[in-house]
>>> print(open('model_17.txt').read())   # compact mmCIF, C-alpha atoms and all ligand atoms
# COMPACT_ATOMS: atom_id res chain seq x y z
CA HIS A 1216 18.86 -37.71 -73.92
CA LEU A 1217 17.68 -36.35 -70.59
CA LYS A 1218 18.65 -32.92 -69.31
CA ASP A 1219 20.29 -32.44 -65.92
CA PHE A 1220 18.32 -29.99 -63.82
CA THR A 1221 20.23 -30.61 -60.59
CA SER A 1222 23.75 -29.28 -61.06
CA ALA A 1223 23.97 -26.31 -63.41
CA TYR A 1224 21.55 -23.48 -64.10
CA PHE A 1225 20.37 -22.78 -67.64
CA THR A 1226 17.36 -20.86 -68.96
CA MET A 1227 14.61 -23.27 -69.97
CA ASN A 1228 12.43 -23.37 -73.06
CA GLU A 1229 8.91 -24.84 -73.14
CA ALA A 1230 10.13 -28.40 -73.87
CA ASP A 1231 12.68 -28.19 -71.04
CA VAL A 1232 9.94 -27.13 -68.64
CA VAL A 1233 7.79 -30.17 -69.51
CA GLU A 1234 10.83 -32.40 -68.86
CA TYR A 1235 11.54 -30.48 -65.64
CA VAL A 1236 8.00 -31.01 -64.37
CA GLN A 1237 8.12 -34.73 -65.22
CA ASN A 1238 11.50 -35.26 -63.56
CA ARG A 1239 11.64 -32.85 -60.66
CA LEU A 1240 8.06 -32.30 -59.46
CA SER A 1241 5.25 -34.51 -58.27
CA VAL A 1242 2.35 -32.13 -58.82
CA PHE A 1243 0.55 -33.98 -61.63
CA ASN A 1244 -0.72 -37.58 -61.98
CA ASP A 1245 1.79 -40.12 -63.39
CA ASP A 1246 -0.19 -40.45 -66.63
CA ALA A 1247 -0.47 -36.65 -67.14
CA ASP A 1248 -0.42 -35.34 -70.71
CA LEU A 1249 1.52 -32.09 -70.29
CA GLU A 1250 1.45 -29.00 -72.47
CA CYS A 1251 3.57 -25.91 -71.77
CA ARG A 1252 3.37 -22.32 -73.02
CA GLU A 1253 5.55 -19.33 -72.13
CA ILE A 1254 3.10 -16.55 -71.23
CA GLY A 1255 5.28 -13.91 -69.55
CA ASP A 1256 4.91 -10.33 -70.73
CA GLY A 1257 6.84 -8.57 -67.96
CA ASN A 1258 10.21 -6.85 -68.24
CA LEU A 1259 12.32 -9.41 -66.40
CA ASN A 1260 11.36 -13.11 -66.28
CA TYR A 1261 10.02 -16.14 -68.10
CA VAL A 1262 6.62 -17.43 -67.02
CA PHE A 1263 5.53 -20.91 -68.14
CA LYS A 1264 2.02 -22.25 -67.82
CA VAL A 1265 1.93 -26.05 -67.67
CA VAL A 1266 -1.41 -27.82 -68.19
CA ASP A 1267 -2.32 -31.49 -67.90
CA ARG A 1268 -4.65 -31.97 -70.88
CA LYS A 1269 -6.24 -35.00 -69.19
CA SER A 1270 -7.21 -33.52 -65.81
CA GLY A 1271 -7.26 -29.85 -66.84
CA GLU A 1272 -5.03 -29.06 -63.83
CA SER A 1273 -2.37 -26.40 -64.29
CA ILE A 1274 0.56 -24.68 -62.57
CA ILE A 1275 2.89 -21.76 -63.22
CA ILE A 1276 6.67 -22.04 -63.30
CA LYS A 1277 8.49 -18.74 -63.15
CA GLN A 1278 12.18 -18.68 -64.01
CA ALA A 1279 14.59 -15.78 -63.54
CA GLY A 1280 17.13 -15.32 -66.33
CA PRO A 1281 20.60 -13.78 -65.85
CA VAL A 1282 19.60 -10.62 -67.73
CA ALA A 1283 16.31 -8.72 -67.92
CA ARG A 1284 13.95 -9.62 -70.73
CA ILE A 1285 13.45 -5.95 -71.63
CA SER A 1286 17.19 -5.46 -72.35
CA ASP A 1287 20.50 -7.34 -71.96
CA ALA A 1288 21.88 -4.14 -70.44
CA PHE A 1289 20.27 -5.11 -67.11
CA LYS A 1290 22.29 -7.91 -65.54
CA VAL A 1291 20.19 -9.05 -62.61
CA SER A 1292 21.02 -11.88 -60.26
CA PRO A 1293 18.69 -14.88 -60.58
CA ASP A 1294 18.69 -14.84 -56.75
CA ARG A 1295 15.67 -12.55 -57.14
CA ASN A 1296 13.73 -15.78 -57.55
CA ARG A 1297 14.68 -16.79 -53.97
CA ILE A 1298 13.58 -13.37 -52.73
CA GLU A 1299 10.27 -13.75 -54.56
CA SER A 1300 9.60 -17.28 -53.20
CA GLU A 1301 10.49 -16.32 -49.64
CA ILE A 1302 8.49 -13.11 -49.57
CA LEU A 1303 5.44 -14.79 -51.12
CA GLU A 1304 5.49 -17.30 -48.30
CA LEU A 1305 5.82 -14.53 -45.71
CA GLN A 1306 3.13 -12.33 -47.28
CA GLY A 1307 0.85 -15.40 -47.40
CA GLU A 1308 1.22 -15.65 -43.61
CA LEU A 1309 0.84 -11.91 -42.93
CA ALA A 1310 -2.03 -11.31 -45.36
CA PRO A 1311 -3.69 -14.68 -46.05
CA GLY A 1312 -5.49 -15.03 -49.38
CA PHE A 1313 -3.80 -12.13 -51.16
CA VAL A 1314 -0.82 -13.88 -52.80
CA PRO A 1315 -0.42 -17.03 -54.90
CA LYS A 1316 0.68 -20.20 -53.11
CA VAL A 1317 4.27 -21.29 -53.83
CA TYR A 1318 4.65 -25.08 -54.06
CA ALA A 1319 8.40 -25.27 -54.63
CA TYR A 1320 11.52 -23.16 -55.08
CA ASP A 1321 14.53 -24.51 -56.93
CA PRO A 1322 17.79 -22.65 -56.15
CA VAL A 1323 19.68 -24.44 -58.98
CA MET A 1324 17.29 -23.63 -61.80
CA ASN A 1325 16.25 -20.33 -60.13
CA CYS A 1326 12.60 -21.03 -60.62
CA CYS A 1327 9.51 -21.42 -58.49
CA VAL A 1328 6.29 -23.33 -58.91
CA MET A 1329 3.07 -21.59 -58.00
CA ASP A 1330 -0.70 -21.41 -58.34
CA ASP A 1331 -2.06 -20.78 -61.81
CA LEU A 1332 -4.32 -17.73 -61.45
CA SER A 1333 -5.77 -17.87 -64.98
CA ASP A 1334 -9.29 -17.43 -63.60
CA HIS A 1335 -8.15 -13.90 -62.63
CA GLU A 1336 -6.98 -11.21 -65.07
CA ILE A 1337 -4.14 -8.71 -64.91
CA MET A 1338 -5.62 -5.59 -63.33
CA ARG A 1339 -3.99 -3.19 -65.80
CA SER A 1340 -5.68 -4.94 -68.77
CA ALA A 1341 -9.01 -5.06 -66.93
CA LEU A 1342 -8.89 -1.31 -66.17
CA LEU A 1343 -7.98 -0.61 -69.81
CA ASN A 1344 -11.28 -2.33 -70.64
CA TYR A 1345 -13.03 -0.06 -68.12
CA LYS A 1346 -13.87 -2.84 -65.68
CA LYS A 1347 -14.76 -2.08 -62.07
CA PHE A 1348 -13.68 -3.95 -58.94
CA PRO A 1349 -15.64 -2.61 -55.96
CA LEU A 1350 -13.72 -4.80 -53.47
CA PHE A 1351 -10.25 -3.83 -54.70
CA ALA A 1352 -9.65 -0.89 -52.33
CA ASP A 1353 -10.67 -3.00 -49.33
CA HIS A 1354 -8.46 -5.91 -50.43
CA ILE A 1355 -5.34 -3.94 -51.32
CA THR A 1356 -5.48 -1.84 -48.13
CA THR A 1357 -5.72 -4.96 -45.94
CA PHE A 1358 -2.67 -6.32 -47.79
CA LEU A 1359 -0.78 -3.02 -47.49
CA ALA A 1360 -1.57 -2.29 -43.83
CA ARG A 1361 -0.70 -5.83 -42.73
CA THR A 1362 2.48 -6.38 -44.79
CA LEU A 1363 3.85 -2.89 -44.13
CA LEU A 1364 3.10 -2.58 -40.42
CA LEU A 1365 3.70 -6.18 -39.31
CA THR A 1366 7.21 -6.22 -40.84
CA SER A 1367 8.25 -2.95 -39.16
CA ASP A 1368 10.09 -2.11 -35.95
CA VAL A 1369 6.76 -1.01 -34.49
CA VAL A 1370 5.68 -4.64 -34.20
CA MET A 1371 8.72 -6.88 -34.73
CA GLY A 1372 11.57 -7.55 -32.32
CA HIS A 1373 14.39 -5.32 -33.56
CA LYS A 1374 16.95 -8.13 -33.89
CA GLU A 1375 14.56 -10.33 -35.82
CA LYS A 1376 13.68 -7.36 -38.02
CA LYS A 1377 17.36 -6.73 -38.79
CA GLU A 1378 17.74 -10.39 -39.80
CA ARG A 1379 14.86 -9.87 -42.21
CA VAL A 1380 16.55 -6.79 -43.61
CA GLN A 1381 19.55 -9.03 -44.38
CA GLN A 1382 17.40 -11.81 -45.83
CA PHE A 1383 15.75 -9.37 -48.21
CA THR A 1384 18.77 -7.29 -49.20
CA ASN A 1385 18.21 -6.94 -52.93
CA PRO A 1386 20.96 -4.66 -54.32
CA GLU A 1387 20.56 -5.25 -58.05
CA LEU A 1388 16.81 -4.79 -58.20
CA CYS A 1389 17.04 -1.78 -55.89
CA GLU A 1390 19.61 -0.30 -58.27
CA ILE A 1391 17.12 -0.63 -61.13
CA THR A 1392 14.59 1.38 -59.10
CA GLU A 1393 17.20 3.91 -57.95
CA ASP A 1394 18.11 4.54 -61.61
CA LEU A 1395 14.79 4.13 -63.41
CA VAL A 1396 12.48 5.77 -60.85
CA TYR A 1397 14.62 8.22 -58.88
CA THR A 1398 17.36 9.41 -61.26
CA GLU A 1399 17.03 9.01 -65.04
CA PRO A 1400 13.55 10.54 -65.51
CA PHE A 1401 14.80 13.84 -64.03
CA TYR A 1402 17.49 14.64 -66.61
CA ASP A 1403 17.95 14.10 -70.34
CA CYS A 1404 19.40 10.60 -69.88
CA GLU A 1405 20.30 8.57 -72.96
CA GLN A 1406 18.40 5.54 -71.69
CA ASN A 1407 15.13 7.49 -71.39
CA ASP A 1408 12.46 6.80 -73.98
CA VAL A 1409 10.18 9.82 -74.35
CA PHE A 1410 7.34 10.01 -76.87
CA GLU A 1411 8.26 12.56 -79.55
CA GLY A 1412 5.31 14.87 -78.82
CA THR A 1413 6.06 14.94 -75.09
CA LYS A 1414 9.83 15.51 -75.19
CA GLU A 1415 9.96 19.32 -75.22
CA PHE A 1416 7.41 19.47 -72.42
CA ALA A 1417 9.51 17.04 -70.36
CA ARG A 1418 12.56 19.26 -70.89
CA GLU A 1419 10.74 22.45 -69.93
CA VAL A 1420 8.69 21.17 -66.99
CA ILE A 1421 10.88 18.40 -65.55
CA TRP A 1422 14.51 18.48 -66.75
CA ASN A 1423 14.92 22.27 -66.43
CA ASP A 1424 13.52 22.38 -62.90
CA GLU A 1425 16.43 22.41 -60.43
CA LYS A 1426 14.14 22.54 -57.40
CA LEU A 1427 12.38 19.35 -58.54
CA LYS A 1428 15.74 17.65 -59.12
CA LEU A 1429 16.81 18.48 -55.56
CA GLU A 1430 13.58 17.04 -54.13
CA THR A 1431 14.00 13.80 -56.11
CA ALA A 1432 17.57 13.53 -54.76
CA LYS A 1433 16.23 13.74 -51.19
CA LEU A 1434 13.63 11.09 -52.00
CA LYS A 1435 16.24 8.81 -53.56
CA PHE A 1436 18.24 8.91 -50.34
CA ASP A 1437 15.08 8.04 -48.38
CA PHE A 1438 14.54 5.05 -50.66
CA MET A 1439 18.12 3.87 -50.14
CA THR A 1440 18.31 4.42 -46.38
CA LYS A 1441 14.85 4.18 -44.78
CA ALA A 1442 14.54 0.48 -43.85
CA GLN A 1443 11.01 0.94 -42.54
CA SER A 1444 8.92 -1.96 -43.91
CA LEU A 1445 9.34 -5.02 -46.07
CA LEU A 1446 8.03 -3.76 -49.40
CA HIS A 1447 6.61 -5.53 -52.41
CA GLY A 1448 8.76 -3.07 -54.32
CA ASP A 1449 6.92 -2.99 -57.68
CA LEU A 1450 3.22 -2.78 -56.87
CA HIS A 1451 1.81 -1.50 -60.16
CA THR A 1452 -1.44 -2.81 -61.67
CA GLY A 1453 0.53 -5.30 -63.81
CA SER A 1454 1.56 -6.97 -60.51
CA ILE A 1455 -2.05 -7.58 -59.51
CA PHE A 1456 -4.27 -10.44 -60.63
CA ILE A 1457 -7.92 -9.66 -60.05
CA LYS A 1458 -11.50 -10.89 -60.40
CA GLU A 1459 -14.74 -9.65 -58.89
CA ASP A 1460 -14.26 -11.20 -55.45
CA SER A 1461 -10.51 -11.83 -55.32
CA THR A 1462 -7.28 -9.82 -55.50
CA LYS A 1463 -3.87 -11.53 -55.72
CA ILE A 1464 -0.63 -9.60 -55.54
CA ILE A 1465 2.13 -11.22 -57.61
CA ASP A 1466 5.74 -10.56 -58.72
CA PRO A 1467 7.37 -9.29 -55.49
CA GLU A 1468 10.93 -9.82 -56.77
CA PHE A 1469 11.84 -6.16 -56.03
CA ALA A 1470 11.12 -6.79 -52.33
CA PHE A 1471 13.41 -5.14 -49.77
CA TYR A 1472 13.19 -3.00 -46.62
CA GLY A 1473 12.32 0.54 -47.70
CA PRO A 1474 9.85 3.39 -47.10
CA ALA A 1475 6.31 2.02 -46.69
CA GLY A 1476 4.84 4.75 -48.91
CA TYR A 1477 6.66 3.24 -51.91
CA ASP A 1478 4.07 0.47 -52.30
CA ILE A 1479 1.03 2.68 -51.65
CA GLY A 1480 2.27 5.37 -54.05
CA ASN A 1481 2.69 2.80 -56.81
CA VAL A 1482 -0.91 1.65 -56.39
CA VAL A 1483 -2.25 5.22 -56.47
CA ALA A 1484 -0.14 6.26 -59.49
CA ASN A 1485 -1.26 3.25 -61.49
CA LEU A 1486 -4.93 4.02 -60.75
CA ILE A 1487 -4.17 7.49 -62.09
CA PHE A 1488 -2.74 5.99 -65.30
CA ALA A 1489 -6.01 4.06 -65.73
CA TYR A 1490 -7.92 7.32 -65.14
CA VAL A 1491 -5.92 9.26 -67.71
CA HIS A 1492 -6.31 6.39 -70.20
CA ALA A 1493 -10.08 6.34 -69.69
CA HIS A 1494 -10.29 10.13 -69.93
CA TYR A 1495 -8.84 10.00 -73.46
CA THR A 1496 -10.35 6.77 -74.75
CA ILE A 1497 -13.92 6.27 -73.46
CA GLU A 1498 -16.20 7.45 -76.21
CA GLU A 1499 -19.66 7.57 -74.68
CA THR A 1500 -20.29 10.43 -72.30
CA GLU A 1501 -22.34 8.20 -70.03
CA ALA A 1502 -19.61 5.57 -69.57
CA ARG A 1503 -17.09 8.33 -68.97
CA ALA A 1504 -19.30 10.03 -66.40
CA ASP A 1505 -19.51 6.72 -64.59
CA TYR A 1506 -15.99 5.31 -64.87
CA LEU A 1507 -13.90 8.35 -63.97
CA PRO A 1508 -15.75 8.91 -60.66
CA TYR A 1509 -15.36 5.19 -59.91
CA LEU A 1510 -11.57 5.51 -60.26
CA GLU A 1511 -11.54 8.71 -58.19
CA GLU A 1512 -13.53 6.96 -55.47
CA THR A 1513 -11.12 4.01 -55.57
CA ILE A 1514 -8.14 6.37 -55.07
CA VAL A 1515 -9.92 8.04 -52.12
CA GLN A 1516 -10.72 4.65 -50.59
CA VAL A 1517 -7.16 3.35 -51.00
CA VAL A 1518 -5.78 6.31 -49.03
CA GLU A 1519 -8.55 6.46 -46.42
CA LEU A 1520 -8.95 2.73 -45.78
CA PHE A 1521 -5.18 2.29 -45.59
CA SER A 1522 -4.96 5.03 -42.94
CA GLU A 1523 -7.88 3.60 -40.93
CA LYS A 1524 -6.65 0.01 -41.05
CA PHE A 1525 -3.06 0.99 -40.31
CA LEU A 1526 -4.05 2.89 -37.12
CA GLN A 1527 -6.40 0.12 -36.00
CA LEU A 1528 -3.75 -2.57 -36.56
CA TRP A 1529 -1.21 -0.40 -34.74
CA ASN A 1530 -3.51 -0.33 -31.67
CA GLU A 1531 -3.75 -4.11 -31.78
CA THR A 1532 -0.12 -5.02 -32.47
CA ALA A 1533 2.41 -2.27 -31.55
CA ALA A 1534 5.07 -3.83 -29.32
CA GLU A 1535 7.80 -1.17 -29.30
CA GLN A 1536 7.40 0.80 -26.07
CA THR A 1537 8.00 4.27 -27.53
CA ALA A 1538 5.49 3.61 -30.30
CA THR A 1539 2.65 3.80 -27.81
CA LEU A 1540 3.43 7.41 -26.83
CA PRO A 1541 0.51 9.77 -27.55
CA LYS A 1542 0.57 11.22 -31.11
CA PHE A 1543 3.45 8.99 -32.24
CA LYS A 1544 1.39 6.78 -34.53
CA GLU A 1545 -0.25 9.84 -36.14
CA TRP A 1546 3.23 11.29 -36.82
CA TYR A 1547 4.38 7.96 -38.28
CA LEU A 1548 1.33 7.60 -40.54
CA ASP A 1549 1.75 11.20 -41.64
CA SER A 1550 5.26 10.46 -42.90
CA ILE A 1551 4.01 7.34 -44.77
CA LEU A 1552 1.36 9.47 -46.50
CA GLU A 1553 3.96 12.07 -47.42
CA ASP A 1554 6.11 9.31 -48.97
CA THR A 1555 3.00 7.96 -50.70
CA ALA A 1556 2.39 11.32 -52.37
CA ALA A 1557 6.04 11.59 -53.40
CA VAL A 1558 6.17 8.08 -54.89
CA THR A 1559 2.87 8.66 -56.70
CA GLY A 1560 4.62 11.58 -58.36
CA LEU A 1561 7.83 9.69 -59.14
CA GLU A 1562 5.94 6.78 -60.72
CA LEU A 1563 3.82 9.19 -62.81
CA CYS A 1564 6.95 10.86 -64.19
CA ARG A 1565 9.08 7.77 -64.73
CA ARG A 1566 6.48 5.84 -66.76
CA VAL A 1567 6.30 8.80 -69.18
CA ILE A 1568 9.99 9.63 -69.43
CA GLY A 1569 11.96 6.53 -68.45
CA ILE A 1570 12.62 3.27 -70.23
CA ALA A 1571 9.75 1.22 -68.73
CA HIS A 1572 6.35 2.37 -69.97
CA VAL A 1573 2.75 1.48 -69.16
CA LYS A 1574 0.12 0.38 -71.69
CA ASP A 1575 -2.37 2.87 -70.22
CA LEU A 1576 -0.39 5.58 -72.05
CA THR A 1577 1.28 3.75 -74.95
CA SER A 1578 -2.05 2.28 -76.12
CA ILE A 1579 -3.59 5.75 -76.67
CA SER A 1580 -3.36 5.59 -80.45
CA ASP A 1581 -4.04 9.24 -81.27
CA ALA A 1582 -0.65 10.99 -80.94
CA LYS A 1583 -2.17 14.30 -79.75
CA ASP A 1584 -4.23 12.54 -77.10
CA ARG A 1585 -1.22 10.51 -75.95
CA THR A 1586 0.84 13.66 -75.57
CA ALA A 1587 -1.99 15.38 -73.69
CA ALA A 1588 -2.34 12.35 -71.39
CA GLU A 1589 1.40 12.24 -70.74
CA LYS A 1590 1.52 15.96 -69.98
CA ILE A 1591 -1.20 15.46 -67.36
CA CYS A 1592 0.90 12.72 -65.75
CA LEU A 1593 3.97 14.97 -65.68
CA ILE A 1594 2.10 17.95 -64.21
CA ALA A 1595 0.44 15.74 -61.59
CA GLY A 1596 3.72 13.91 -60.92
CA LYS A 1597 5.62 17.11 -60.31
CA THR A 1598 2.88 18.45 -58.02
CA PHE A 1599 2.79 15.26 -55.95
CA ILE A 1600 6.56 15.50 -55.44
CA LEU A 1601 6.78 19.22 -54.67
CA ASP A 1602 3.59 19.46 -52.57
CA ARG A 1603 4.02 16.16 -50.74
CA THR A 1604 4.05 17.73 -47.27
CA SER A 1605 0.47 18.94 -47.68
CA ILE A 1606 -1.11 15.89 -49.37
CA ARG A 1607 -2.65 13.62 -46.73
CA THR A 1608 -6.26 12.63 -47.47
CA GLY A 1609 -7.84 10.73 -50.35
CA ASP A 1610 -9.48 13.99 -51.44
CA ASP A 1611 -6.07 15.72 -51.52
CA PHE A 1612 -4.83 13.09 -54.01
CA VAL A 1613 -7.92 13.45 -56.22
CA LYS A 1614 -7.66 17.26 -56.14
CA VAL A 1615 -4.14 17.11 -57.61
CA LEU A 1616 -5.38 14.75 -60.32
CA ARG A 1617 -8.41 16.89 -61.23
CA HIS A 1618 -6.37 20.07 -61.19
CA SER A 1619 -3.78 18.52 -63.54
CA VAL A 1620 -6.47 17.28 -65.95
CA ASN A 1621 -8.08 20.74 -66.06
CA GLN A 1622 -4.86 22.72 -66.57
C1 LIG B 1 14.51 -3.36 -66.16
S1 LIG B 1 13.04 -3.61 -65.34
C2 LIG B 1 12.01 -2.27 -65.69
C3 LIG B 1 10.85 -2.15 -64.79
O1 LIG B 1 10.09 -3.37 -64.84
C4 LIG B 1 9.75 -3.75 -63.52
O2 LIG B 1 8.44 -4.22 -63.45
C5 LIG B 1 9.99 -2.54 -62.65
O3 LIG B 1 8.87 -1.69 -62.62
C6 LIG B 1 11.16 -1.93 -63.33
O4 LIG B 1 11.34 -0.58 -63.00
MG MG B 2 7.20 -7.50 -62.38
>>> encode(input="model_17.txt", output="structure tokens", more="lines below")
Ligand code: SR1
Ligand code: MG
Amino acid sequence: HLKDFTSAYFTMNEADVVEYVQNRLSVFNDDADLECREIGDGNLNYVFKVVDRKSGESIIIKQAGPVARISDAFKVSPDRNRIESEILELQGELAPGFVPKVYAYDPVMNCCVMDDLSDHEIMRSALLNYKKFPLFADHITTFLARTLLLTSDVVMGHKEKKERVQQFTNPELCEITEDLVYTEPFYDCEQNDVFEGTKEFAREVIWNDEKLKLETAKLKFDFMTKAQSLLHGDLHTGSIFIKEDSTKIIDPEFAFYGPAGYDIGNVVANLIFAYVHAHYTIEETEARADYLPYLEETIVQVVELFSEKFLQLWNETAAEQTATLPKFKEWYLDSILEDTAAVTGLELCRRVIGIAHVKDLTSISDAKDRTAAEKICLIAGKTFILDRTSIRTGDDFVKVLRHSVNQ
């Protein structure tokens, strides 16, 4: 008895997805022999890989459920799947080659059909295996400069930009970030999940610091009110598929208009998690002496190449009259870098203290080492937040990291 995929939404299992593909899509040959596996390991959605055993061709179907996978406590509108499909299409136009292609979006089943990127690997896992990607900094900074500047008031007509702000208003996912990134990590919140060995340190260094709390409040209001650029909104290394010569940015369901530094800060913080992981887990001195400088150099390049490309693209595309005044673009970039430093710090703190962790830290099996690694993230995180007005260059970012490791 056939299921109805056209009138009422329900969350699909693997068998439903095969039936869905056969009935609703025309991506495979008529005689295809389909196999489906749920492969998602994120906090929110279901990700199905569908393969035709005969041709070897495959696609991904991503479906948004009515609650987050990580916990039923997060009720999140399945409309996030529309946001994701629409922004992937837009990012594909603004930064060609850096996002998966979306073949279809279904507003009834709240799912979308996209490229299978199985020839790439999730960047977080690759970095945990100490792999290097020399083209990553160049790729990610092209993506960041283009998506962040070309969606801003500097380049877009202001009415069109305001329509985009409406199109990508994303209140429920923004609320998750407002709570999990900007609020809960900075007090002893019940929903936090702090490793036993780290808890007292978190209390002493983070929760008892009123000055830090005030700064995070200011930053939270920036996040809620600064509709500067159309953000990816969750650009950690688990949202990046990578191989030697290709970088694909996935999972932009947190997209909305916010401070441009939010995306860049997430990239930098997650490179720092990989660094701290490597610092505590690489055994051989030689590998360590090679891999840590590689990550430092990548952080420097992300900051420096972003700044260079952003200014160059500004010269080529700025349309707002006042944006061409002398020194304006330097002032604007300066504020993005300040936000980048702040968000680097927020992400470093929230992945240690809050509910959503990163494998870079949780996979450090020795409890003493894990605590030491987490303390480094908290010290660095706090410094990035408090000293954000004086952190501008790639070297400034690496200095904070090195100083925190050596404390
Ligand atoms: C309830 S969702 C928890 C986290 O997972 C997502 O990837 C975001 O990072 C969010 O903060
Ligand atoms: Mg995600």
>>> residues_near_ligand(input="model_17.txt", ligand="ligand MG 2 (chain B)", cutoff="10 Å", atoms="all atoms listed in the file", output="list in words")
Gly1255, Asp1256, Gly1257, Asn1258, Leu1259, Asn1260, Gly1448, Asp1449, Leu1450, His1451, Thr1452, Gly1453, Ser1454, Ile1455, Ile1465, Asp1466, Pro1467, Glu1468 and Phe1469 of chain A
>>> closest_residue(input="model_17.txt", among="A:Lys1347, A:Val1291, A:Asp1231, A:Gly1412", to="Leu1507 of chain A", atoms="all atoms listed in the file")
A:Lys1347
>>> closest_residue(input="model_17.txt", among="A:Thr1500, A:Ser1241, A:Thr1384, A:Gln1406", to="ligand LIG 1 (chain B)", atoms="all atoms listed in the file")
A:Gln1406
>>> residues_around(input="model_17.txt", residues="Gln1516 of chain A", least_positions_apart="2", cutoff="12 Å", atoms="all atoms listed in the file", output="ChimeraX atom specification")
/A:1349-1357,1479,1482-1483,1486,1509-1514,1518-1524,1608-1610,1612-1613
>>> residues_around(input="model_17.txt", residues="His1335 of chain A", least_positions_apart="6", cutoff="7 Å", atoms="all atoms listed in the file", output="list in words")
Phe1456, Ile1457 and Lys1458 of chain A
>>> write_last_selection(input="model_17.txt", atoms="C-alpha atoms", output="PDB file, in the frame of the given file")
ATOM      1  CA  PHE A1456      -4.270 -10.440 -60.630  1.00  0.00           C
ATOM      2  CA  ILE A1457      -7.920  -9.660 -60.050  1.00  0.00           C
ATOM      3  CA  LYS A1458     -11.500 -10.890 -60.400  1.00  0.00           C
TER       4      LYS A1458
END
>>> closest_residue(input="model_17.txt", among="A:Ile1600, A:Cys1327, A:Leu1593, A:Ala1557", to="Gln1278 of chain A", atoms="only C-alpha atoms")
A:Cys1327
>>> closest_residue(input="model_17.txt", among="A:Ala1288, A:Ala1470, A:Val1233, A:Val1242", to="Leu1363 of chain A", atoms="all atoms listed in the file")
A:Ala1470
>>> closest_residue(input="model_17.txt", among="A:Asn1325, A:Thr1392, A:Gln1237, A:Ser1270", to="Lys1218 of chain A", atoms="all atoms listed in the file")
A:Gln1237
>>> atom_distance(input="model_17.txt", atom1="atom CA of Pro1293 of chain A", atom2="atom CA of Pro1281 of chain A")
5.7 Å
>>> closest_residue(input="model_17.txt", among="A:Val1323, A:Ala1475, A:Leu1616, A:Ile1285", to="ligand LIG 1 (chain B)", atoms="all atoms listed in the file")
A:Ile1285
>>> residues_near_point(input="model_17.txt", point="(16.4, -23.8, -54.6)", cutoff="10 Å", atoms="only C-alpha atoms", output="list in words")
Thr1221, Asp1294, Asn1296, Arg1297, Ser1300, Ala1319, Tyr1320, Asp1321, Pro1322, Val1323, Met1324, Asn1325, Cys1326 and Cys1327 of chain A
>>> atom_distance(input="model_17.txt", atom1="atom CA of Gln1622 of chain A", atom2="atom CA of Cys1592 of chain A")
11.6 Å
>>> axis_aligned_box(input="model_17.txt", around="ligand LIG 1 (chain B)", padding_each_side="8 Å", output="lines of an AutoDock Vina configuration file")
center_x = 11.5
center_y = -2.4
center_z = -64.4
size_x = 22.1
size_y = 19.6
size_z = 19.5
>>> residues_around(input="model_17.txt", residues="Asp1602 of chain A", least_positions_apart="6", cutoff="10 Å", atoms="all atoms listed in the file", output="JSON, numbers by chain")
{"A": [1553, 1556, 1557, 1560, 1615]}
>>> write_last_selection(input="model_17.txt", atoms="C-alpha atoms", output="compact mmCIF listing (two decimals), keeping the file's coordinate frame")
# COMPACT_ATOMS: atom_id res chain seq x y z
CA GLU A 1553 3.96 12.07 -47.42
CA ALA A 1556 2.39 11.32 -52.37
CA ALA A 1557 6.04 11.59 -53.40
CA GLY A 1560 4.62 11.58 -58.36
CA VAL A 1615 -4.14 17.11 -57.61
>>> residues_around(input="model_17.txt", residues="segment 1569-1583 of chain A", least_positions_apart="2", cutoff="8 Å", atoms="all atoms listed in the file", output="number ranges by chain")
A: 1339, 1343, 1395-1396, 1399-1400, 1406-1409, 1412, 1488-1489, 1491-1492, 1495-1496, 1564-1567, 1585-1589
>>> residues_around(input="model_17.txt", residues="segment 1430-1447 of chain A", least_positions_apart="3", cutoff="9 Å", atoms="only C-alpha atoms", output="PyMOL selection string")
chain A and resi 1302+1362-1368+1379-1380+1383+1389+1393+1396-1398+1401+1425-1427+1450+1464-1475+1477-1478+1554+1557-1558+1561+1600-1601
>>> atom_distance(input="model_17.txt", atom1="atom CA of Thr1462 of chain A", atom2="atom CA of Ser1273 of chain A")
19.4 Å
>>> build_atoms(input="model_17.txt", residues="segment 1557-1562 of chain A", atoms="N, CA and C atoms", output="PDB file, in the coordinates of the input")
ATOM      1  N   ALA A1557       4.812  11.435 -52.626  1.00  0.00           N
ATOM      2  CA  ALA A1557       6.040  11.590 -53.400  1.00  0.00           C
ATOM      3  C   ALA A1557       6.210  10.466 -54.421  1.00  0.00           C
ATOM      4  N   VAL A1558       5.966   9.235 -53.989  1.00  0.00           N
ATOM      5  CA  VAL A1558       6.170   8.080 -54.890  1.00  0.00           C
ATOM      6  C   VAL A1558       5.101   8.072 -55.987  1.00  0.00           C
ATOM      7  N   THR A1559       3.894   8.517 -55.657  1.00  0.00           N
ATOM      8  CA  THR A1559       2.870   8.660 -56.700  1.00  0.00           C
ATOM      9  C   THR A1559       3.436   9.551 -57.804  1.00  0.00           C
ATOM     10  N   GLY A1560       4.058  10.640 -57.393  1.00  0.00           N
ATOM     11  CA  GLY A1560       4.620  11.580 -58.360  1.00  0.00           C
ATOM     12  C   GLY A1560       5.786  10.989 -59.141  1.00  0.00           C
ATOM     13  N   LEU A1561       6.666  10.280 -58.462  1.00  0.00           N
ATOM     14  CA  LEU A1561       7.830   9.690 -59.140  1.00  0.00           C
ATOM     15  C   LEU A1561       7.387   8.663 -60.182  1.00  0.00           C
ATOM     16  N   GLU A1562       6.425   7.824 -59.801  1.00  0.00           N
ATOM     17  CA  GLU A1562       5.940   6.780 -60.720  1.00  0.00           C
ATOM     18  C   GLU A1562       5.252   7.431 -61.930  1.00  0.00           C
TER      19      GLU A1562
END
